[in-house]
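Written out below as structure tokens is the structure these notes cover.
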Amino acid sequence: MTDTNPRTYKAYTSYNFKEIEQAACLSEKDIEAVEVVGQVLPFKTNNYATDELIDWENASTDPMFSLHFPRKDMISNHDYETVKMFLRRYQETNDPADKKKLSDAVEAVRLSLNPDPSGQSHNVPVFEGTALNGLQHKYRETVLLFPNQGQTCYAYCSFCFRWPQFSKISSMTDSKFAIKEDYETYMDYIKSKPDVTDVLLTGGDPMTMKTPVLSKYIDRLLEEDMKQIKTIRIGTKALAHWPYRFTTDSDADSMIALFEKVVAADKHLAVMANFNHPKEMETKAVREAIHRILCTNAQIRTQSPVLNHINNDPALWAKMWRKQTDFGCIPYYMFVARDTGAKHYFELPLERAQQVFREAYQQVSGICRTVRGPIMSDHAGKIQILGTSDVYGKKIFVLRFIQGRNPDWVAKPFFAEYNPDATWFDQLKPAFEEKEFFFESEIEDYLNP
Ligand SMILES: *Cc1c(COP(=O)(O)O)cnc(C)c1O
Ligand code: SF4
């Protein structure tokens with residue numbers, strides 16, 4: 001059933017993107033932006049995106065182009081001009097001193113882009129004296145593992161909140177999450193936490209690992225002493241970035257066999273697939289890849305942030321969720337973009353994010369309404385904006401936790417003052433003149449135990 005003509009992966013970065021045939025049609029401005037902004041934010045795309053996803057004739061406004069390529073407006077005008085000046089100078093002189101000035105300027109801009117949003121480094125546990133830098137444990141049931149060899153992606157999303165995983169920030173040596181210690185230490189940690197039932201392999205993109213490498217991590221979780229683990233999730237964008245991973249790549253068949261092995265071991269295997277736009281659901285390659293995964297009895301659950309310039313449109317979301325359920329996937333989360341990297345380009349007021357969610361949700365049948373959102377992954381937990389309401393003439397936001405550092409916080413509605421400009425939870429104040437939100441007195445204990 002699969003394509004008989006396997007496609008060979010080819011990556012494009014700031015260095016070789018002019019080799020993309022279609023790039024000849026880009027404007028001067030768009031080309032310059034790729035060079036300049038590409039110094040600051042990670043940029044990588046590939047021949048699937050350039051051949052099948054991007055609408056080159058409309059590149060200046062195409063959402064697929066904006067997802068894959070840096071644009072001028074993704075950093076401030078001031079930062080843009082600064083980086084451009086140092087870049088041009090270095091290109092002229094080729095002098096190592098100018099190279100250093102360029103990289104210092106780039107580093108300063110990176111540091112100003114909030115590289116550790118929502119304190120993810122707080123989620124790294126210390127176990128028997130060692131900080132487990134390749135693991136995050138925030139919610140009782142679920143640990144995130146960051147396999148060292150999976151800390152890259154088939155392409156980089158311009159909105160990525162984990163962009164320091166791919167960009168060196170020399171003054172932030174611990175900004176990368178990756179398993180570098182002995183994997184057994186991680187297993188010992190999990191065994192010391194009997195409530196942990198879910199392991200989520202993430203990155204980067206774990207599907208960039210060759211099957212034997214990923215197997216090493218997964219096989220261990222199937223062993224008898226790990227029977228507390230019921231669910232293995234793999235967070236990936238490979239279905240949208242490189243679906244051939246599951247169909248015609250040389251180790252696609254062995255990956256499918258690995259999935260079958262996990263299911264045969266009575267684990268729930270969930271591919272947590274990132275899709276941002278219905279266009280990513282439309283190719284023959286992605287349909288084949290989804291079909292092959294579902295044939296293993298793994299599930300595919302889908303998630304995406306709601307992003308200005310990409311998917312700020314309820315009809316688009318309704319279409320995307322419908323296509324996903326048509327193909328057998330389960331819509332899971334709609335996120336609010338975190339305050340990092342190119343956030344200003346992508347951000348939407350919380351009120352708008354909820355409107356997009358509500359109007360999309362209203363257009364689909366109950367089968368698609370497995371999706372929850374919009375959700376902010378904040379220090380305290382995953383906070384859902386349920387909507388606005390009027391209480392005795394006062395407009396408020398109604399919120400609740402979908403996940404909390406303390407499980408007792410989950411699923412209790414709470415209220416914030418209405419704020420039409422707020423784009424993140426830290427800009428909200430408790431409603432009704434309360435001094436603090438109900439969980440705030442406890443949060444310090446969780447962040448600084
Ligand atoms: C989202 C998330 C999880 C998983 O939460 P679920 O609601 O079970 O999907 C686990 N850990 C972290 C840090 C997360 O952000
Ligand atoms: S696939 Fe995920 S980790 Fe990779 S660039 Fe995109 S958002 Fe970031």
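Order determines the names: the first chain of the structure tokens is A, the second B, and so forth; residues in each chain are numbered 1 upward, and ligands are numbered 1 upward as they are shown.
When the distance limit is 8 Å and only C-alpha atoms are what count, the residues near Phe414 of chain A, minus those fewer than 2 positions from it on the same chain, are Val398, Leu399, Arg400, Lys412, Ala416 and Phe437 of chain A.
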Please produce, as JSON lines, a per-residue contact table for chain A versus ligand 1 (criterion: any atom at most 7 Å away, only C-alpha atoms and all ligand atoms considered), showing the nearest atom pair and its distance in Å to one decimal, sorted by chain then residue number.
```
{"residue": "A:Gln136", "atom": "CA", "partner": "ligand 1", "partner_atom_place_in_ligand_line": "13 (C)", "distance": 6.1}
{"residue": "A:His137", "atom": "CA", "partner": "ligand 1", "partner_atom_place_in_ligand_line": "11 (N)", "distance": 6.3}
{"residue": "A:Lys138", "atom": "CA", "partner": "ligand 1", "partner_atom_place_in_ligand_line": "13 (C)", "distance": 5.1}
{"residue": "A:Tyr139", "atom": "CA", "partner": "ligand 1", "partner_atom_place_in_ligand_line": "11 (N)", "distance": 5.7}
{"residue": "A:Thr142", "atom": "CA", "partner": "ligand 1", "partner_atom_place_in_ligand_line": "10 (C)", "distance": 5.2}
{"residue": "A:Val143", "atom": "CA", "partner": "ligand 1", "partner_atom_place_in_ligand_line": "11 (N)", "distance": 6.0}
{"residue": "A:Leu144", "atom": "CA", "partner": "ligand 1", "partner_atom_place_in_ligand_line": "11 (N)", "distance": 6.0}
{"residue": "A:Ser377", "atom": "CA", "partner": "ligand 1", "partner_atom_place_in_ligand_line": "15 (O)", "distance": 6.0}
{"residue": "A:Lys382", "atom": "CA", "partner": "ligand 1", "partner_atom_place_in_ligand_line": "1 (C)", "distance": 7.0}
{"residue": "A:Ile402", "atom": "CA", "partner": "ligand 1", "partner_atom_place_in_ligand_line": "7 (O)", "distance": 6.5}
{"residue": "A:Gln403", "atom": "CA", "partner": "ligand 1", "partner_atom_place_in_ligand_line": "7 (O)", "distance": 5.7}
```
So that I have them on file, write out the residues from the current selection with N, CA and C atoms, as a short mmCIF file (atom, residue, chain, number, x, y, z; two decimals), in the first residue's frame.
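The result, stored in out-v9.cif:
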```cif
data_model
loop_
_atom_site.label_atom_id
_atom_site.label_comp_id
_atom_site.auth_asym_id
_atom_site.auth_seq_id
_atom_site.Cartn_x
_atom_site.Cartn_y
_atom_site.Cartn_z
N GLN A 136 11.54 15.20 33.36
CA GLN A 136 10.73 16.19 34.07
C GLN A 136 9.59 15.45 34.74
N HIS A 137 9.38 15.76 36.01
CA HIS A 137 8.28 15.15 36.75
C HIS A 137 7.50 16.25 37.44
N LYS A 138 6.38 16.62 36.85
CA LYS A 138 5.59 17.73 37.37
C LYS A 138 4.25 17.22 37.91
N TYR A 139 3.65 16.28 37.22
CA TYR A 139 2.34 15.74 37.62
C TYR A 139 2.52 14.31 38.09
N THR A 142 2.79 11.14 35.66
CA THR A 142 3.48 11.16 34.36
C THR A 142 4.89 11.72 34.45
N VAL A 143 5.86 10.98 33.92
CA VAL A 143 7.20 11.56 33.78
C VAL A 143 7.50 11.75 32.29
N LEU A 144 8.23 12.81 32.02
CA LEU A 144 8.73 13.08 30.67
C LEU A 144 10.18 12.62 30.61
N SER A 377 0.26 25.95 30.07
CA SER A 377 1.10 25.13 30.95
C SER A 377 1.92 26.08 31.80
N LYS A 382 -1.57 22.80 34.31
CA LYS A 382 -2.23 23.11 33.05
C LYS A 382 -3.55 23.78 33.37
N ILE A 402 -6.46 21.48 34.54
CA ILE A 402 -6.59 20.17 33.90
C ILE A 402 -5.53 19.24 34.51
N GLN A 403 -4.42 19.84 34.93
CA GLN A 403 -3.35 19.14 35.65
C GLN A 403 -2.82 20.12 36.68
#
```
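For the residues A:Cys153, A:Val109, A:Ile256, A:Val262, ranking by smallest atom-to-atom distance to ligand 2 using only C-alpha atoms and all ligand atoms places A:Cys153 first.
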Site check for ligand 2: residues at most 9 Å away, only C-alpha atoms and all ligand atoms, as a tab-separated table (two decimals) with C-alpha atoms, in the first residue's frame:
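Contents of pocket38.tsv, as written:
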```
chain	number	residue	atom	x	y	z
A	42	PRO	CA	16.68	27.64	15.14
A	43	PHE	CA	15.79	27.12	11.49
A	44	LYS	CA	15.58	23.83	9.70
A	67	LEU	CA	5.73	27.56	10.53
A	151	GLN	CA	17.01	16.11	20.81
A	152	THR	CA	16.50	17.23	17.24
A	153	CYS	CA	13.51	17.36	14.88
A	154	TYR	CA	12.86	16.68	11.19
A	155	ALA	CA	12.15	20.41	10.94
A	156	TYR	CA	11.99	23.16	13.54
A	157	CYS	CA	8.69	24.88	14.21
A	158	SER	CA	9.12	28.62	14.36
A	159	PHE	CA	6.88	28.76	17.47
A	160	CYS	CA	8.83	26.05	19.34
A	161	PHE	CA	8.94	26.62	23.11
A	162	ARG	CA	11.85	24.22	23.52
A	163	TRP	CA	14.05	26.09	21.06
A	165	GLN	CA	17.22	22.48	23.01
A	166	PHE	CA	18.57	23.31	19.55
A	202	THR	CA	9.77	13.70	24.20
A	203	GLY	CA	12.46	16.02	22.86
A	204	GLY	CA	13.10	17.35	20.28
A	205	ASP	CA	11.37	14.55	18.48
A	235	GLY	CA	5.50	13.18	21.59
A	236	THR	CA	6.27	13.76	17.93
A	237	LYS	CA	5.81	16.00	14.97
A	238	ALA	CA	7.06	13.40	12.50
A	240	ALA	CA	3.50	16.53	10.00
A	241	HIS	CA	7.22	16.96	9.31
A	274	ASN	CA	1.58	17.73	16.86
A	304	SER	CA	-1.36	22.09	18.90
```
DSSP helix (DSSP H, G or I) residues within segment 217-406 of chain A, as a PyMOL selection string: chain A and resi 217-221+224-226+238-241+243-246+252-264+278-281+284-295+314-326+343-346+350-361+366-368
Given only C-alpha atoms as the counted atoms, nearest of A:Ala49, A:Ile31, A:Ile443, A:Ala178 to Pro63 of chain A: A:Ala49
Closest of A:Asn311, A:Ser66, A:Asn77, A:Gln299 to Phe327 of chain A - atom-to-atom distances counting only C-alpha atoms: A:Gln299
Residue list (strand (DSSP E), DSSP) for segment 124-348 of chain A, as an MDAnalysis selection string: chainID A and resid 126:127 130:131 135:139 142:145 198:201 231:236 268:274 299:306 330:336
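Considering the residues A:Phe246, A:Tyr12, A:Tyr446, A:Tyr333 and counting only C-alpha atoms, Val34 of chain A has its shortest atom-to-atom contact with A:Tyr12.
We find atom CA of Tyr90 of chain A and atom CA of Ser103 of chain A to be spaced 10.3 Å apart.
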So that I can see what lies close to segment 126-135 of chain A, please list as an mmCIF file with all heavy atoms, in the first residue's frame the residues with an atom at most 8 Å from it, counting only C-alpha atoms and leaving out residues fewer than 5 positions away in the same chain.
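Okay, result02.cif is ready:
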```
data_model
loop_
_atom_site.group_PDB
_atom_site.id
_atom_site.type_symbol
_atom_site.label_atom_id
_atom_site.label_comp_id
_atom_site.auth_asym_id
_atom_site.auth_seq_id
_atom_site.Cartn_x
_atom_site.Cartn_y
_atom_site.Cartn_z
ATOM 1 N N VAL A 143 5.859 10.978 33.925
ATOM 2 C CA VAL A 143 7.196 11.564 33.776
ATOM 3 C C VAL A 143 7.505 11.749 32.295
ATOM 4 O O VAL A 143 7.083 10.971 31.443
ATOM 5 C CB VAL A 143 8.332 10.733 34.429
ATOM 6 C CG1 VAL A 143 8.150 10.609 35.922
ATOM 7 C CG2 VAL A 143 8.474 9.387 33.787
ATOM 8 N N LEU A 144 8.234 12.808 32.019
ATOM 9 C CA LEU A 144 8.731 13.076 30.673
ATOM 10 C C LEU A 144 10.178 12.616 30.609
ATOM 11 O O LEU A 144 10.964 12.952 31.495
ATOM 12 C CB LEU A 144 8.701 14.581 30.402
ATOM 13 C CG LEU A 144 7.436 15.247 29.866
ATOM 14 C CD1 LEU A 144 6.209 14.847 30.637
ATOM 15 C CD2 LEU A 144 7.578 16.753 29.851
ATOM 16 N N LEU A 145 10.525 11.837 29.587
ATOM 17 C CA LEU A 145 11.922 11.457 29.377
ATOM 18 C C LEU A 145 12.413 12.111 28.090
ATOM 19 O O LEU A 145 11.697 12.144 27.084
ATOM 20 C CB LEU A 145 12.059 9.936 29.251
ATOM 21 C CG LEU A 145 11.796 9.075 30.485
ATOM 22 C CD1 LEU A 145 12.039 7.603 30.139
ATOM 23 C CD2 LEU A 145 12.677 9.489 31.659
ATOM 24 N N PHE A 146 13.655 12.601 28.138
ATOM 25 C CA PHE A 146 14.266 13.262 26.985
ATOM 26 C C PHE A 146 15.470 12.432 26.524
ATOM 27 O O PHE A 146 16.593 12.712 26.935
ATOM 28 C CB PHE A 146 14.740 14.670 27.368
ATOM 29 C CG PHE A 146 13.638 15.631 27.733
ATOM 30 C CD1 PHE A 146 12.991 15.545 28.959
ATOM 31 C CD2 PHE A 146 13.261 16.640 26.858
ATOM 32 C CE1 PHE A 146 11.978 16.434 29.299
ATOM 33 C CE2 PHE A 146 12.251 17.540 27.195
ATOM 34 C CZ PHE A 146 11.609 17.432 28.415
ATOM 35 N N PRO A 147 15.252 11.410 25.692
ATOM 36 C CA PRO A 147 16.398 10.606 25.224
ATOM 37 C C PRO A 147 17.438 11.495 24.542
ATOM 38 O O PRO A 147 17.093 12.332 23.698
ATOM 39 C CB PRO A 147 15.780 9.627 24.232
ATOM 40 C CG PRO A 147 14.333 9.563 24.604
ATOM 41 C CD PRO A 147 13.989 10.928 25.125
ATOM 42 N N ASN A 148 18.681 11.296 24.911
ATOM 43 C CA ASN A 148 19.755 12.166 24.435
ATOM 44 C C ASN A 148 19.842 12.226 22.907
ATOM 45 O O ASN A 148 20.101 13.276 22.329
ATOM 46 C CB ASN A 148 21.082 11.653 25.019
ATOM 47 C CG ASN A 148 22.176 12.681 24.940
ATOM 48 O OD1 ASN A 148 21.903 13.885 24.900
ATOM 49 N ND2 ASN A 148 23.411 12.224 24.905
ATOM 50 N N LYS A 176 19.530 22.583 28.419
ATOM 51 C CA LYS A 176 19.139 21.421 27.615
ATOM 52 C C LYS A 176 18.702 20.276 28.506
ATOM 53 O O LYS A 176 19.387 19.931 29.460
ATOM 54 C CB LYS A 176 20.344 20.950 26.797
ATOM 55 C CG LYS A 176 20.229 21.289 25.361
ATOM 56 C CD LYS A 176 21.197 20.505 24.510
ATOM 57 C CE LYS A 176 21.056 20.973 23.094
ATOM 58 N NZ LYS A 176 21.924 22.047 22.718
ATOM 59 N N PHE A 177 17.559 19.683 28.173
ATOM 60 C CA PHE A 177 17.137 18.483 28.875
ATOM 61 C C PHE A 177 17.570 17.296 28.035
ATOM 62 O O PHE A 177 17.213 17.200 26.867
ATOM 63 C CB PHE A 177 15.609 18.460 29.030
ATOM 64 C CG PHE A 177 15.060 19.665 29.737
ATOM 65 C CD1 PHE A 177 14.415 20.665 29.032
ATOM 66 C CD2 PHE A 177 15.201 19.797 31.104
ATOM 67 C CE1 PHE A 177 13.897 21.774 29.689
ATOM 68 C CE2 PHE A 177 14.697 20.906 31.774
ATOM 69 C CZ PHE A 177 14.038 21.898 31.057
ATOM 70 N N ALA A 178 18.342 16.391 28.617
ATOM 71 C CA ALA A 178 18.711 15.176 27.887
ATOM 72 C C ALA A 178 19.258 14.143 28.862
ATOM 73 O O ALA A 178 19.929 14.499 29.832
ATOM 74 C CB ALA A 178 19.757 15.472 26.809
ATOM 75 N N ILE A 179 18.945 12.883 28.597
ATOM 76 C CA ILE A 179 19.440 11.797 29.445
ATOM 77 C C ILE A 179 20.904 11.560 29.113
ATOM 78 O O ILE A 179 21.223 11.040 28.048
ATOM 79 C CB ILE A 179 18.639 10.504 29.194
ATOM 80 C CG1 ILE A 179 17.182 10.718 29.608
ATOM 81 C CG2 ILE A 179 19.253 9.328 29.947
ATOM 82 C CD1 ILE A 179 16.273 9.548 29.278
ATOM 83 N N LYS A 180 21.785 11.984 30.014
ATOM 84 C CA LYS A 180 23.203 11.736 29.782
ATOM 85 C C LYS A 180 23.728 10.723 30.786
ATOM 86 O O LYS A 180 24.695 10.033 30.536
ATOM 87 C CB LYS A 180 23.993 13.034 29.843
ATOM 88 C CG LYS A 180 23.613 13.972 28.712
ATOM 89 C CD LYS A 180 24.439 15.244 28.709
ATOM 90 C CE LYS A 180 23.733 16.343 27.933
ATOM 91 N NZ LYS A 180 22.966 17.248 28.788
ATOM 92 N N GLU A 181 23.077 10.671 31.957
ATOM 93 C CA GLU A 181 23.490 9.699 32.963
ATOM 94 C C GLU A 181 23.031 8.309 32.511
ATOM 95 O O GLU A 181 22.353 8.147 31.511
ATOM 96 C CB GLU A 181 22.859 10.012 34.322
ATOM 97 C CG GLU A 181 23.183 11.376 34.897
ATOM 98 C CD GLU A 181 22.342 12.516 34.283
ATOM 99 O OE1 GLU A 181 21.471 12.228 33.444
ATOM 100 O OE2 GLU A 181 22.602 13.671 34.634
ATOM 101 N N TYR A 186 17.390 6.475 35.908
ATOM 102 C CA TYR A 186 16.046 6.982 35.626
ATOM 103 C C TYR A 186 14.993 5.938 35.981
ATOM 104 O O TYR A 186 13.927 6.259 36.503
ATOM 105 C CB TYR A 186 15.933 7.414 34.146
ATOM 106 C CG TYR A 186 16.716 8.676 33.870
ATOM 107 C CD1 TYR A 186 18.090 8.637 33.670
ATOM 108 C CD2 TYR A 186 16.086 9.915 33.859
ATOM 109 C CE1 TYR A 186 18.815 9.797 33.453
ATOM 110 C CE2 TYR A 186 16.801 11.081 33.643
ATOM 111 C CZ TYR A 186 18.162 11.014 33.440
ATOM 112 O OH TYR A 186 18.874 12.174 33.241
ATOM 113 N N TYR A 189 14.571 5.886 39.627
ATOM 114 C CA TYR A 189 13.735 7.013 40.072
ATOM 115 C C TYR A 189 12.251 6.663 39.902
ATOM 116 O O TYR A 189 11.445 6.860 40.823
ATOM 117 C CB TYR A 189 14.068 8.283 39.280
ATOM 118 C CG TYR A 189 13.125 9.426 39.611
ATOM 119 C CD1 TYR A 189 13.283 10.172 40.772
ATOM 120 C CD2 TYR A 189 12.044 9.717 38.772
ATOM 121 C CE1 TYR A 189 12.389 11.193 41.099
ATOM 122 C CE2 TYR A 189 11.145 10.735 39.102
ATOM 123 C CZ TYR A 189 11.329 11.469 40.254
ATOM 124 O OH TYR A 189 10.431 12.463 40.579
#
```
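Distances here use only C-alpha atoms; by that measure, the residue among A:Phe346, A:Phe357, A:Phe275, A:Phe86 closest to Lys323 of chain A is A:Phe275.
Closest to Lys216 of chain A among A:Phe17, A:Glu184, A:Thr340, A:Asp249 is A:Glu184, based on only C-alpha atoms.
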Polymer residues at most 9 Å from Gln363 of chain A, only C-alpha atoms, same-chain spacing of 2 or more positions, as a PyMOL selection string: chain A and resi 314-315+318+358-361+365
Given the selection you just returned, output its residues as a file containing N, CA and C atoms, formatted as a short mmCIF file (atom, residue, chain, number, x, y, z; two decimals), in the first residue's frame.
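Resulting contents of out-v2.cif:
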```
data_model
loop_
_atom_site.label_atom_id
_atom_site.label_comp_id
_atom_site.auth_asym_id
_atom_site.auth_seq_id
_atom_site.Cartn_x
_atom_site.Cartn_y
_atom_site.Cartn_z
N PRO A 314 -11.51 29.72 13.91
CA PRO A 314 -12.28 28.58 14.40
C PRO A 314 -12.59 27.56 13.31
N ALA A 315 -12.92 28.03 12.10
CA ALA A 315 -13.30 27.09 11.03
C ALA A 315 -12.13 26.17 10.69
N ALA A 318 -11.96 23.49 13.37
CA ALA A 318 -13.05 22.52 13.21
C ALA A 318 -12.69 21.55 12.08
N ARG A 358 -14.00 27.83 21.39
CA ARG A 358 -15.45 27.66 21.56
C ARG A 358 -16.15 27.55 20.20
N GLU A 359 -15.78 28.46 19.30
CA GLU A 359 -16.48 28.45 18.02
C GLU A 359 -16.12 27.23 17.18
N ALA A 360 -14.93 26.71 17.36
CA ALA A 360 -14.57 25.48 16.66
C ALA A 360 -15.30 24.29 17.27
N TYR A 361 -15.31 24.24 18.59
CA TYR A 361 -15.95 23.15 19.34
C TYR A 361 -17.44 23.09 19.02
N SER A 365 -19.00 17.44 15.96
CA SER A 365 -19.84 16.52 16.73
C SER A 365 -19.10 16.07 17.98
#
```
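Across the structure, atom CA of Tyr345 of chain A and atom CA of Thr61 of chain A are spaced 13.2 Å apart.
Here atom CA of Glu28 of chain A stands at a distance of 28.0 Å from atom CA of Lys168 of chain A.
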